Amino acid sequence: MAASSIPLGKGVKRKRHEDDGGQAAAEYTPQTFHCGTLLDISLLKLHQNCVLAERNLHRSVLIANTLRRLQAEIRWENGHNTMPSEMPLQPPEQLTSGANQLEPLSKMGEEITDLNNNIAKAPPPSLIEAPFCLLSGNDSSLSSAISTILQDLDYVEDLSTPLGQAPPEDDHLLPLKPVSPDPRPEPRSLDSIFTAFEIADSDDFLIDGSLDAIFEDIDTSMYDVPQGFPAGACPTIQPNKASRGIHSAKPHNSRTDFELENLMDLLVG
Amino acid sequence: MEEEIDTRKINNSFLRDHNYATEADIISTVEFNNTGELLATGDKGGRVVIFQREQESKNQSHRRGEYNVYSTFQSHEPEFDYLKSLEIEEKINKIRWLPQQNAAYFLLSTNDKTVKLWKISERDKRPEGYNLKDEDGRIKDPSTITTLRVPVLRPMDLMVEASPRRVFANAHTYHINSISVNSDYETYMSADDLRINLWHLEITNRSFNIVDIKPANMEELTEVITAAEFHPHQCNMFVYSSSKGTIRLCDMRASALCDKHSKLFEEPEDPSNRSFFSEIISSISDVKFSHSGRYMMTRDYLTVKVWDLNMENRPIETYQVHEYLRSKLCSLYENDCIFDKFECVWNGSDSVIMTGSYNNFFRMFDRNTKRDVTLEASRENSKPRAILKPRKVCMGGKRKKDEISVDSLDFSKKILHTAWHPSENIIAVAATNNLYIFQDKVN
């Protein structure tokens with residue numbers, strides 16, 4: 001499942017913001033690593049993992065842990081003047097080993113973050129290499145982004161828990177803004193529609209009166225316009241949109257067609 | 001250690017005529033059966049191909065038995081989980097053979113979600129001379145039958161049939177990474193990222209959860225299960241490895257849920273080697289018990305370690321597989337190679353261990369002499385029947401003749417899966433979509 005493999009040392013052009021750190025990264029000393037570069041790479045990877053059809057929990061956990069480590073390093077380097085008193089480390093008992101001292105996200109201290117509003121798009125490359133004060137301000141928003149992603153990876157057995165908000169797809173970085181202001185319309189009604197399709201409530205499908213309503217709604221032109229779905233529409237479309245924010249119309253339509261056919265088979269046959 | 005190459009450059013896509021490598025042909029697992037007579041491979045397209053060793057003929061005793069294709073079947077199909085809108089890959093993650101108890105062969109194969117038990121049996125006779133059916137199978141009119149005869153079995157061309165006997169489904173929320181058959185030959189376990197389930201081979205609608213490391217709050221998840229295996233002789237013991245470089249030995253007699261380990265194997269981190277990637281490279285990708293049951297071997301990104309089950313605080317042996325990559329970790333993180341999961345294997349006598357690397361290299365370590373060798377599995381560099389030449393990677397500075405420099409390594413050519421015959425020096429090496437079988441020189 002490896003992403004596009006870039007052969008090392010083959011003179012392959014690297015991404016723009018990697019050029020500065022590319023050479024330096026080849027020779028390892030801890031301090032020559034640009035934390036910002038690594039942070040950017042890690043966030044990108046985590047983001048990619050979320051939108052991939054197959055989610056790799058192992059990979060996500062490793063990247064998330066690396067992110068936490070980077071965060072901790074940045075905070076430590078930022079020193080003791082800006083940080084309020086930190087919360088005590090309380091790693092989950094059965095998981096962490098003695099050697100690692102990573103803080104679980106839920107215990108991260110609440111840092112000031114007024115930079116949320118500013119970080120809607122990817123910061124220009126120069127800022128990534130910039131002093132860490134920029135990144136340190138994103139601590140809690142970064143933490144919440146990571147925890148959101150981990151929650152999203154939770155393959156919940158019961159679908160009642162609402163999925164984490166999707167990172168907007170055109171962002172280079174993950175959304176470092178709080179979760180609630182969702183650019184997509186009606187986040188709440190999405191949740192309520194979604195809970196209506198819990199396995200436990202599967203009897204809803206069997207109500208005679210709504211059969212026609214289901215068939216009425218299966219019209220592909222509907223899916224060109226993003227809008228809330230009335231109850232009774234294909235349930236599988238909902239989690240797709242909620243969790244991954246796939247906006248491009250073309251692949252979306254072909255996917256819904258396929259799902260529609262299969263759902264039709266289920267309902268009818 | 002020199003090996004003679006057998007002519008088995010078996011391309012798994014032998015049914016197709018393509019010259020390019022189709023992704024479905026990428027081999028994802030290789031496993032000899034308990035006698036070494038059969039070799040199974042699974043690929044990304046959900047197929048299983050089984051090779052059988054030729055019987056050694058008397059007049060060609062100098063030529064060891066070669067492996068030929070015995071059976072091919074589609075084990076898993078791609079599926080779609082409608083509830084979660086996720087595709088379930090058909091890639092075969094692991095194959096494990098069951099010990100042979102009758103004329104048929106049995107194996108377990110698994111993809112991310114479902115384990116299947118396959119029966120592979122031979123048919124070399126067919127009944128002829130039915131009374132009520134003619135040779136084409138059409139029903140005869142009873143009034144045309146004047147005599148009765150007894151059908152006889154006549155030899156026919158060998159036909160090998162594979163049929164699914166059990167399907168163990170719907171027990172794993174996360175992706176299955178390991179299966180392991182217990183020494184009691186009645187049960188087996190399947191492990192995913194967060195849970196391990198125990199099954200009975202005869203019962204498909206029930207499994208027992210024996211390990212569960214899922215935290216109540218997924219935000220607190222920092223560690224996953226990466227591999228698991230039953231002890232080869234003690235049916236109550238098993239180990240599982242984690243992404244943090246720890247191995248836990250559990251005893252099923254202690255309690256029904258083995259969340260508390262009996263032993264925890266962990267090596268303290270070397271402070272001089274600490275980096276942002278320390279945790280990622282310490283993640284264990286494979287764990288294998290020795291045949292004796294006394295030791296176990298683990299593979300992390302840069303090393304192979306041998307542990308004594310009686311000593312938990314550090315391994316007894318550590319072998320560097322490709323230490324020259326330590327300075328390249330950032331690039332390897334960037335191109336995802338750092339997440340590659342290499343496997344490792346013991347030879348039959350537990351004296352040699354083998355694992356793969358990049359550039360189609362694989363490494364062998366002799367535990368007794370402490371010698372190691374790097375060999376390459378590729379068509380260009382090997383002629384049939386030629387002896388494999390040891391390879392060497394140079395770190396920097398002057399490159400000697402025949403050495404290859406680190407920057408010239410091809411990281412898309414990785415050997416993740418290898419297998420060693422249970423009693424002889426025959427190895428199977430999977431290089432992307434090619435399978436190489438090497439045998440020891442006969443002299």
# chains A, B, ... in the order shown; residues from 1 in each chain; ligands from 1

$ residues_around --residues "range 96-99 of chain B" --least-positions-apart "3" --cutoff "7 Å" --atoms "only C-alpha atoms" --output "short mmCIF file (atom, residue, chain, number, x, y, z; two decimals) with C-alpha atoms, in the first residue's frame"
data_model
loop_
_atom_site.label_atom_id
_atom_site.label_comp_id
_atom_site.auth_asym_id
_atom_site.auth_seq_id
_atom_site.Cartn_x
_atom_site.Cartn_y
_atom_site.Cartn_z
CA GLU B 31 4.67 -20.31 2.89
CA ASN B 33 3.84 -26.58 4.16
CA ASN B 34 5.03 -28.70 7.07
CA PHE B 106 -5.60 -27.90 3.96
CA LEU B 107 -4.57 -24.31 4.29
CA LEU B 108 -5.89 -21.13 5.85
CA SER B 109 -5.76 -17.97 3.80
CA SER B 180 -1.46 -18.81 13.41
#

$ closest_atom_pairs --of "chain B" --to "chain A" --cutoff "8 Å" --atoms "only C-alpha atoms" --output "JSON lines"
{"residue": "B:Tyr82", "atom": "CA", "partner": "A:Thr236", "partner_atom": "CA", "distance": 6.1}
{"residue": "B:Leu83", "atom": "CA", "partner": "A:Thr236", "partner_atom": "CA", "distance": 6.2}
{"residue": "B:Lys84", "atom": "CA", "partner": "A:Pro239", "partner_atom": "CA", "distance": 6.9}
{"residue": "B:Ser85", "atom": "CA", "partner": "A:Thr236", "partner_atom": "CA", "distance": 6.0}
{"residue": "B:Leu86", "atom": "CA", "partner": "A:Ala53", "partner_atom": "CA", "distance": 6.0}
{"residue": "B:Glu87", "atom": "CA", "partner": "A:Ala53", "partner_atom": "CA", "distance": 6.3}
{"residue": "B:Ile88", "atom": "CA", "partner": "A:Glu54", "partner_atom": "CA", "distance": 7.4}
{"residue": "B:Glu89", "atom": "CA", "partner": "A:Glu54", "partner_atom": "CA", "distance": 7.9}
{"residue": "B:Thr173", "atom": "CA", "partner": "A:Tyr155", "partner_atom": "CA", "distance": 6.4}
{"residue": "B:Tyr174", "atom": "CA", "partner": "A:Tyr155", "partner_atom": "CA", "distance": 7.3}
{"residue": "B:His175", "atom": "CA", "partner": "A:Asn56", "partner_atom": "CA", "distance": 7.9}
{"residue": "B:Asp193", "atom": "CA", "partner": "A:His58", "partner_atom": "CA", "distance": 6.8}
{"residue": "B:Ile213", "atom": "CA", "partner": "A:Leu95", "partner_atom": "CA", "distance": 7.4}
{"residue": "B:Pro215", "atom": "CA", "partner": "A:Pro92", "partner_atom": "CA", "distance": 7.9}
{"residue": "B:Met218", "atom": "CA", "partner": "A:Gln151", "partner_atom": "CA", "distance": 5.5}
{"residue": "B:Glu219", "atom": "CA", "partner": "A:Ser147", "partner_atom": "CA", "distance": 5.1}
{"residue": "B:Glu220", "atom": "CA", "partner": "A:Pro104", "partner_atom": "CA", "distance": 5.5}
{"residue": "B:Leu221", "atom": "CA", "partner": "A:Val61", "partner_atom": "CA", "distance": 7.2}
{"residue": "B:Thr222", "atom": "CA", "partner": "A:Val61", "partner_atom": "CA", "distance": 5.9}
{"residue": "B:Glu223", "atom": "CA", "partner": "A:Leu95", "partner_atom": "CA", "distance": 6.2}
{"residue": "B:Val224", "atom": "CA", "partner": "A:His58", "partner_atom": "CA", "distance": 6.2}
{"residue": "B:Thr226", "atom": "CA", "partner": "A:His58", "partner_atom": "CA", "distance": 7.8}
{"residue": "B:Ser243", "atom": "CA", "partner": "A:His58", "partner_atom": "CA", "distance": 7.5}
{"residue": "B:Lys244", "atom": "CA", "partner": "A:Ser97", "partner_atom": "CA", "distance": 7.7}
{"residue": "B:Thr246", "atom": "CA", "partner": "A:Ser97", "partner_atom": "CA", "distance": 7.9}
{"residue": "B:Pro268", "atom": "CA", "partner": "A:Ala99", "partner_atom": "CA", "distance": 6.4}
{"residue": "B:Glu269", "atom": "CA", "partner": "A:Ala99", "partner_atom": "CA", "distance": 6.5}
{"residue": "B:Ser275", "atom": "CA", "partner": "A:Pro30", "partner_atom": "CA", "distance": 6.4}
{"residue": "B:Phe276", "atom": "CA", "partner": "A:Thr66", "partner_atom": "CA", "distance": 6.4}
{"residue": "B:Phe277", "atom": "CA", "partner": "A:Thr66", "partner_atom": "CA", "distance": 7.0}
{"residue": "B:Glu279", "atom": "CA", "partner": "A:Leu62", "partner_atom": "CA", "distance": 7.6}
{"residue": "B:Ile280", "atom": "CA", "partner": "A:Leu62", "partner_atom": "CA", "distance": 6.1}
{"residue": "B:Ser327", "atom": "CA", "partner": "A:Tyr28", "partner_atom": "CA", "distance": 5.2}
{"residue": "B:Lys328", "atom": "CA", "partner": "A:Ala26", "partner_atom": "CA", "distance": 5.5}
{"residue": "B:Cys330", "atom": "CA", "partner": "A:Ala25", "partner_atom": "CA", "distance": 6.0}
{"residue": "B:Ser331", "atom": "CA", "partner": "A:Ala25", "partner_atom": "CA", "distance": 7.1}
{"residue": "B:Glu334", "atom": "CA", "partner": "A:Ile41", "partner_atom": "CA", "distance": 6.9}
{"residue": "B:Asn335", "atom": "CA", "partner": "A:Ser5", "partner_atom": "CA", "distance": 5.2}
{"residue": "B:Asp336", "atom": "CA", "partner": "A:Ala2", "partner_atom": "CA", "distance": 6.0}
{"residue": "B:Cys337", "atom": "CA", "partner": "A:Ala2", "partner_atom": "CA", "distance": 7.0}
{"residue": "B:Phe339", "atom": "CA", "partner": "A:Arg59", "partner_atom": "CA", "distance": 7.0}
{"residue": "B:Asp340", "atom": "CA", "partner": "A:Ala2", "partner_atom": "CA", "distance": 7.6}
{"residue": "B:Asp407", "atom": "CA", "partner": "A:Gly9", "partner_atom": "CA", "distance": 4.8}
{"residue": "B:Ser408", "atom": "CA", "partner": "A:Gly9", "partner_atom": "CA", "distance": 6.6}
{"residue": "B:Leu409", "atom": "CA", "partner": "A:Leu8", "partner_atom": "CA", "distance": 7.5}
{"residue": "B:Asp410", "atom": "CA", "partner": "A:Pro7", "partner_atom": "CA", "distance": 6.2}
{"residue": "B:Phe411", "atom": "CA", "partner": "A:Pro7", "partner_atom": "CA", "distance": 5.7}
{"residue": "B:Ser412", "atom": "CA", "partner": "A:Ser5", "partner_atom": "CA", "distance": 6.4}

$ closest_residue --among "B:Lys91, B:Arg166, B:Arg299, B:Arg385" --to "Ser283 in chain B" --atoms "only C-alpha atoms"
B:Arg299

$ residues_around --residues "Asp402 in chain B" --least-positions-apart "2" --cutoff "8 Å" --atoms "only C-alpha atoms" --output "ChimeraX atom specification"
/B:391-392,400,404

$ write_last_selection --atoms "N, CA, C and O atoms" --output "compact mmCIF listing (two decimals), in the first residue's frame"
# COMPACT_ATOMS: atom_id res chain seq x y z
N ARG B 391 26.50 -9.77 -2.37
CA ARG B 391 26.49 -8.36 -2.72
C ARG B 391 26.94 -7.54 -1.52
O ARG B 391 26.91 -8.00 -0.38
N LYS B 392 27.33 -6.32 -1.82
CA LYS B 392 27.74 -5.46 -0.73
C LYS B 392 27.29 -4.03 -1.01
O LYS B 392 27.35 -3.56 -2.14
N LYS B 400 34.03 0.24 -3.95
CA LYS B 400 34.85 -0.80 -4.58
C LYS B 400 34.10 -1.39 -5.76
O LYS B 400 32.90 -1.20 -5.92
N ILE B 404 27.66 -1.64 -4.43
CA ILE B 404 26.61 -0.71 -4.87
C ILE B 404 26.46 0.35 -3.79
O ILE B 404 26.50 0.04 -2.60

$ closest_residue --among "B:Ser349, B:Gln101, B:Ser183, B:Ser285" --to "Ile247 in chain B" --atoms "only C-alpha atoms"
B:Ser285

$ select_by_dssp --residues "range 210-334 of chain B" --states "helix (DSSP H, G or I)" --output "PyMOL selection string"
chain B and resi 218-220+271-273+278-282+323-334

$ write_last_selection --atoms "N, CA and C atoms" --output "CSV table (one decimal), in the first residue's frame"
chain,number,residue,atom,x,y,z
B,218,MET,N,-10.7,6.4,21.5
B,218,MET,CA,-9.8,6.2,20.4
B,218,MET,C,-8.7,7.3,20.3
B,219,GLU,N,-9.0,8.4,21.0
B,219,GLU,CA,-8.0,9.4,21.0
B,219,GLU,C,-6.7,9.0,21.7
B,220,GLU,N,-6.9,8.1,22.6
B,220,GLU,CA,-5.8,7.6,23.4
B,220,GLU,C,-5.0,6.5,22.7
B,271,PRO,N,19.8,5.7,23.7
B,271,PRO,CA,19.7,7.2,23.6
B,271,PRO,C,20.5,7.8,22.5
B,272,SER,N,21.6,7.2,22.1
B,272,SER,CA,22.4,7.8,21.1
B,272,SER,C,21.7,7.7,19.7
B,273,ASN,N,20.8,6.8,19.6
B,273,ASN,CA,20.1,6.6,18.3
B,273,ASN,C,18.7,7.3,18.2
B,278,SER,N,12.4,7.2,15.8
B,278,SER,CA,12.7,6.0,16.7
B,278,SER,C,11.6,5.1,16.8
B,279,GLU,N,10.4,5.6,17.1
B,279,GLU,CA,9.3,4.8,17.3
B,279,GLU,C,8.9,4.0,16.1
B,280,ILE,N,8.9,4.7,14.9
B,280,ILE,CA,8.5,4.1,13.7
B,280,ILE,C,9.4,2.9,13.4
B,281,ILE,N,10.7,3.1,13.5
B,281,ILE,CA,11.6,2.0,13.1
B,281,ILE,C,11.7,0.9,14.2
B,282,SER,N,11.1,1.2,15.4
B,282,SER,CA,11.1,0.1,16.4
B,282,SER,C,9.8,-0.7,16.2
B,323,GLU,N,21.9,-1.1,8.1
B,323,GLU,CA,22.1,0.0,9.0
B,323,GLU,C,22.4,1.3,8.2
B,324,TYR,N,22.8,1.1,6.9
B,324,TYR,CA,23.1,2.3,6.1
B,324,TYR,C,21.9,3.1,5.8
B,325,LEU,N,20.8,2.6,6.2
B,325,LEU,CA,19.5,3.4,6.0
B,325,LEU,C,19.3,4.4,7.1
B,326,ARG,N,20.0,4.2,8.2
B,326,ARG,CA,19.7,5.0,9.4
B,326,ARG,C,19.8,6.5,9.1
B,327,SER,N,20.7,6.9,8.2
B,327,SER,CA,20.9,8.3,7.9
B,327,SER,C,19.9,8.8,6.9
B,328,LYS,N,19.1,7.9,6.4
B,328,LYS,CA,18.1,8.2,5.3
B,328,LYS,C,16.7,8.2,5.8
B,329,LEU,N,16.5,8.1,7.1
B,329,LEU,CA,15.2,7.9,7.6
B,329,LEU,C,14.2,9.0,7.2
B,330,CYS,N,14.6,10.2,7.1
B,330,CYS,CA,13.7,11.2,6.8
B,330,CYS,C,13.2,11.0,5.4
B,331,SER,N,14.1,10.7,4.5
B,331,SER,CA,13.6,10.5,3.1
B,331,SER,C,12.7,9.3,3.0
B,332,LEU,N,13.1,8.3,3.8
B,332,LEU,CA,12.3,7.0,3.8
B,332,LEU,C,10.9,7.3,4.4
B,333,TYR,N,10.8,8.2,5.3
B,333,TYR,CA,9.6,8.6,5.9
B,333,TYR,C,8.7,9.3,4.8
B,334,GLU,N,9.4,10.2,4.1
B,334,GLU,CA,8.7,10.9,3.1
B,334,GLU,C,8.1,10.1,2.0

$ atom_distance --atom1 "CA of Phe168 in chain B" --atom2 "CA of Ala40 in chain B"
20.0 Å

$ residues_around --residues "His421 in chain B" --least-positions-apart "5" --cutoff "9 Å" --atoms "only C-alpha atoms" --output "ChimeraX atom specification"
/B:31-37,39,347-348,426-428

$ write_last_selection --atoms "N, CA, C and O atoms" --output "PDB file, in the first residue's frame"
ATOM      1  N   GLU B  31       4.622 -19.381   1.748  1.00  0.00           N
ATOM      2  CA  GLU B  31       4.674 -20.310   2.890  1.00  0.00           C
ATOM      3  C   GLU B  31       4.851 -21.741   2.412  1.00  0.00           C
ATOM      4  O   GLU B  31       4.092 -22.232   1.577  1.00  0.00           O
ATOM      5  N   PHE B  32       5.856 -22.414   2.967  1.00  0.00           N
ATOM      6  CA  PHE B  32       6.004 -23.846   2.732  1.00  0.00           C
ATOM      7  C   PHE B  32       5.040 -24.596   3.645  1.00  0.00           C
ATOM      8  O   PHE B  32       4.708 -24.125   4.738  1.00  0.00           O
ATOM      9  N   ASN B  33       4.640 -25.790   3.224  1.00  0.00           N
ATOM     10  CA  ASN B  33       3.836 -26.582   4.163  1.00  0.00           C
ATOM     11  C   ASN B  33       4.777 -27.327   5.108  1.00  0.00           C
ATOM     12  O   ASN B  33       5.995 -27.179   5.047  1.00  0.00           O
ATOM     13  N   ASN B  34       4.222 -28.148   5.982  1.00  0.00           N
ATOM     14  CA  ASN B  34       5.028 -28.703   7.075  1.00  0.00           C
ATOM     15  C   ASN B  34       6.078 -29.702   6.621  1.00  0.00           C
ATOM     16  O   ASN B  34       7.028 -29.968   7.338  1.00  0.00           O
ATOM     17  N   THR B  35       5.877 -30.288   5.435  1.00  0.00           N
ATOM     18  CA  THR B  35       6.881 -31.226   4.936  1.00  0.00           C
ATOM     19  C   THR B  35       7.795 -30.572   3.915  1.00  0.00           C
ATOM     20  O   THR B  35       8.828 -31.134   3.579  1.00  0.00           O
ATOM     21  N   GLY B  36       7.395 -29.419   3.415  1.00  0.00           N
ATOM     22  CA  GLY B  36       8.184 -28.756   2.383  1.00  0.00           C
ATOM     23  C   GLY B  36       7.847 -29.232   0.986  1.00  0.00           C
ATOM     24  O   GLY B  36       8.426 -28.765   0.014  1.00  0.00           O
ATOM     25  N   GLU B  37       6.899 -30.132   0.910  1.00  0.00           N
ATOM     26  CA  GLU B  37       6.538 -30.648  -0.410  1.00  0.00           C
ATOM     27  C   GLU B  37       5.781 -29.605  -1.213  1.00  0.00           C
ATOM     28  O   GLU B  37       5.864 -29.550  -2.445  1.00  0.00           O
ATOM     29  N   LEU B  39       4.518 -25.462  -1.707  1.00  0.00           N
ATOM     30  CA  LEU B  39       4.829 -24.060  -1.443  1.00  0.00           C
ATOM     31  C   LEU B  39       3.653 -23.231  -1.929  1.00  0.00           C
ATOM     32  O   LEU B  39       3.266 -23.336  -3.095  1.00  0.00           O
ATOM     33  N   ASN B 347      15.741 -21.070   9.532  1.00  0.00           N
ATOM     34  CA  ASN B 347      15.903 -22.302   8.767  1.00  0.00           C
ATOM     35  C   ASN B 347      15.465 -23.464   9.659  1.00  0.00           C
ATOM     36  O   ASN B 347      15.085 -23.286  10.819  1.00  0.00           O
ATOM     37  N   GLY B 348      15.530 -24.663   9.106  1.00  0.00           N
ATOM     38  CA  GLY B 348      14.968 -25.812   9.810  1.00  0.00           C
ATOM     39  C   GLY B 348      15.639 -26.110  11.139  1.00  0.00           C
ATOM     40  O   GLY B 348      14.998 -26.560  12.085  1.00  0.00           O
ATOM     41  N   ILE B 426      16.343 -24.998   1.093  1.00  0.00           N
ATOM     42  CA  ILE B 426      15.640 -24.466  -0.071  1.00  0.00           C
ATOM     43  C   ILE B 426      14.891 -23.245   0.410  1.00  0.00           C
ATOM     44  O   ILE B 426      14.185 -23.314   1.421  1.00  0.00           O
ATOM     45  N   ILE B 427      15.056 -22.139  -0.302  1.00  0.00           N
ATOM     46  CA  ILE B 427      14.371 -20.920   0.122  1.00  0.00           C
ATOM     47  C   ILE B 427      13.525 -20.384  -1.016  1.00  0.00           C
ATOM     48  O   ILE B 427      13.847 -20.566  -2.204  1.00  0.00           O
ATOM     49  N   ALA B 428      12.449 -19.745  -0.654  1.00  0.00           N
ATOM     50  CA  ALA B 428      11.579 -19.079  -1.620  1.00  0.00           C
ATOM     51  C   ALA B 428      11.595 -17.592  -1.303  1.00  0.00           C
ATOM     52  O   ALA B 428      11.410 -17.199  -0.150  1.00  0.00           O
TER      53      ALA B 428
END

$ atom_distance --atom1 "CA of Val345 in chain B" --atom2 "CA of Gln74 in chain B"
26.3 Å

$ residues_around --residues "Gly396 in chain B" --least-positions-apart "2" --cutoff "7 Å" --atoms "only C-alpha atoms" --output "VMD selection string"
chain B and resid 394 398 405

$ write_last_selection --atoms "C-alpha atoms" --output "compact mmCIF listing (two decimals), in the first residue's frame"
# COMPACT_ATOMS: atom_id res chain seq x y z
CA CYS B 394 28.92 0.75 0.52
CA LYS B 398 35.31 4.97 -2.26
CA SER B 405 26.23 2.62 -3.21

$ residues_around --residues "Asp308 in chain B" --least-positions-apart "5" --cutoff "8 Å" --atoms "only C-alpha atoms" --output "PDB file with all heavy atoms, in the first residue's frame"
ATOM      1  N   ARG B 294      12.269 -22.422  21.900  1.00  0.00           N
ATOM      2  CA  ARG B 294      13.019 -21.781  22.978  1.00  0.00           C
ATOM      3  C   ARG B 294      13.248 -20.287  22.700  1.00  0.00           C
ATOM      4  O   ARG B 294      13.338 -19.473  23.593  1.00  0.00           O
ATOM      5  CB  ARG B 294      14.365 -22.499  23.113  1.00  0.00           C
ATOM      6  CG  ARG B 294      15.409 -21.782  23.925  1.00  0.00           C
ATOM      7  CD  ARG B 294      15.485 -22.265  25.334  1.00  0.00           C
ATOM      8  NE  ARG B 294      16.317 -21.361  26.126  1.00  0.00           N
ATOM      9  CZ  ARG B 294      17.559 -21.615  26.489  1.00  0.00           C
ATOM     10  NH1 ARG B 294      18.106 -22.767  26.137  1.00  0.00           N
ATOM     11  NH2 ARG B 294      18.227 -20.724  27.197  1.00  0.00           N
ATOM     12  N   TYR B 295      13.333 -19.964  21.393  1.00  0.00           N
ATOM     13  CA  TYR B 295      13.645 -18.587  21.024  1.00  0.00           C
ATOM     14  C   TYR B 295      12.542 -18.021  20.152  1.00  0.00           C
ATOM     15  O   TYR B 295      11.694 -18.746  19.631  1.00  0.00           O
ATOM     16  CB  TYR B 295      14.970 -18.525  20.222  1.00  0.00           C
ATOM     17  CG  TYR B 295      16.128 -19.140  20.943  1.00  0.00           C
ATOM     18  CD1 TYR B 295      16.572 -20.421  20.612  1.00  0.00           C
ATOM     19  CD2 TYR B 295      16.780 -18.444  21.963  1.00  0.00           C
ATOM     20  CE1 TYR B 295      17.634 -20.995  21.272  1.00  0.00           C
ATOM     21  CE2 TYR B 295      17.845 -19.020  22.629  1.00  0.00           C
ATOM     22  CZ  TYR B 295      18.266 -20.299  22.287  1.00  0.00           C
ATOM     23  OH  TYR B 295      19.311 -20.867  22.954  1.00  0.00           O
ATOM     24  N   MET B 296      12.592 -16.715  20.003  1.00  0.00           N
ATOM     25  CA  MET B 296      11.729 -16.094  19.011  1.00  0.00           C
ATOM     26  C   MET B 296      12.518 -14.972  18.345  1.00  0.00           C
ATOM     27  O   MET B 296      13.487 -14.441  18.909  1.00  0.00           O
ATOM     28  CB  MET B 296      10.437 -15.560  19.622  1.00  0.00           C
ATOM     29  CG  MET B 296      10.630 -14.377  20.539  1.00  0.00           C
ATOM     30  SD  MET B 296       9.048 -13.774  21.131  1.00  0.00           S
ATOM     31  CE  MET B 296       9.626 -12.541  22.289  1.00  0.00           C
ATOM     32  N   PRO B 315      17.218  -8.592  23.849  1.00  0.00           N
ATOM     33  CA  PRO B 315      17.403  -9.763  22.987  1.00  0.00           C
ATOM     34  C   PRO B 315      18.790 -10.356  23.199  1.00  0.00           C
ATOM     35  O   PRO B 315      19.699  -9.673  23.656  1.00  0.00           O
ATOM     36  CB  PRO B 315      17.274  -9.179  21.575  1.00  0.00           C
ATOM     37  CG  PRO B 315      17.643  -7.742  21.718  1.00  0.00           C
ATOM     38  CD  PRO B 315      17.245  -7.325  23.085  1.00  0.00           C
ATOM     39  N   ILE B 316      18.942 -11.605  22.840  1.00  0.00           N
ATOM     40  CA  ILE B 316      20.271 -12.210  22.976  1.00  0.00           C
ATOM     41  C   ILE B 316      21.131 -11.941  21.751  1.00  0.00           C
ATOM     42  O   ILE B 316      22.353 -11.958  21.829  1.00  0.00           O
ATOM     43  CB  ILE B 316      20.185 -13.720  23.251  1.00  0.00           C
ATOM     44  CG1 ILE B 316      19.387 -14.429  22.155  1.00  0.00           C
ATOM     45  CG2 ILE B 316      19.607 -13.993  24.613  1.00  0.00           C
ATOM     46  CD1 ILE B 316      19.469 -15.948  22.246  1.00  0.00           C
TER      47      ILE B 316
END

$ residues_around --residues "Gly129 in chain B" --least-positions-apart "2" --cutoff "7 Å" --atoms "only C-alpha atoms" --output "ChimeraX atom specification"
/B:127,131,150-152

$ atom_distance --atom1 "CA of Lys214 in chain B" --atom2 "CA of Arg195 in chain B"
7.4 Å
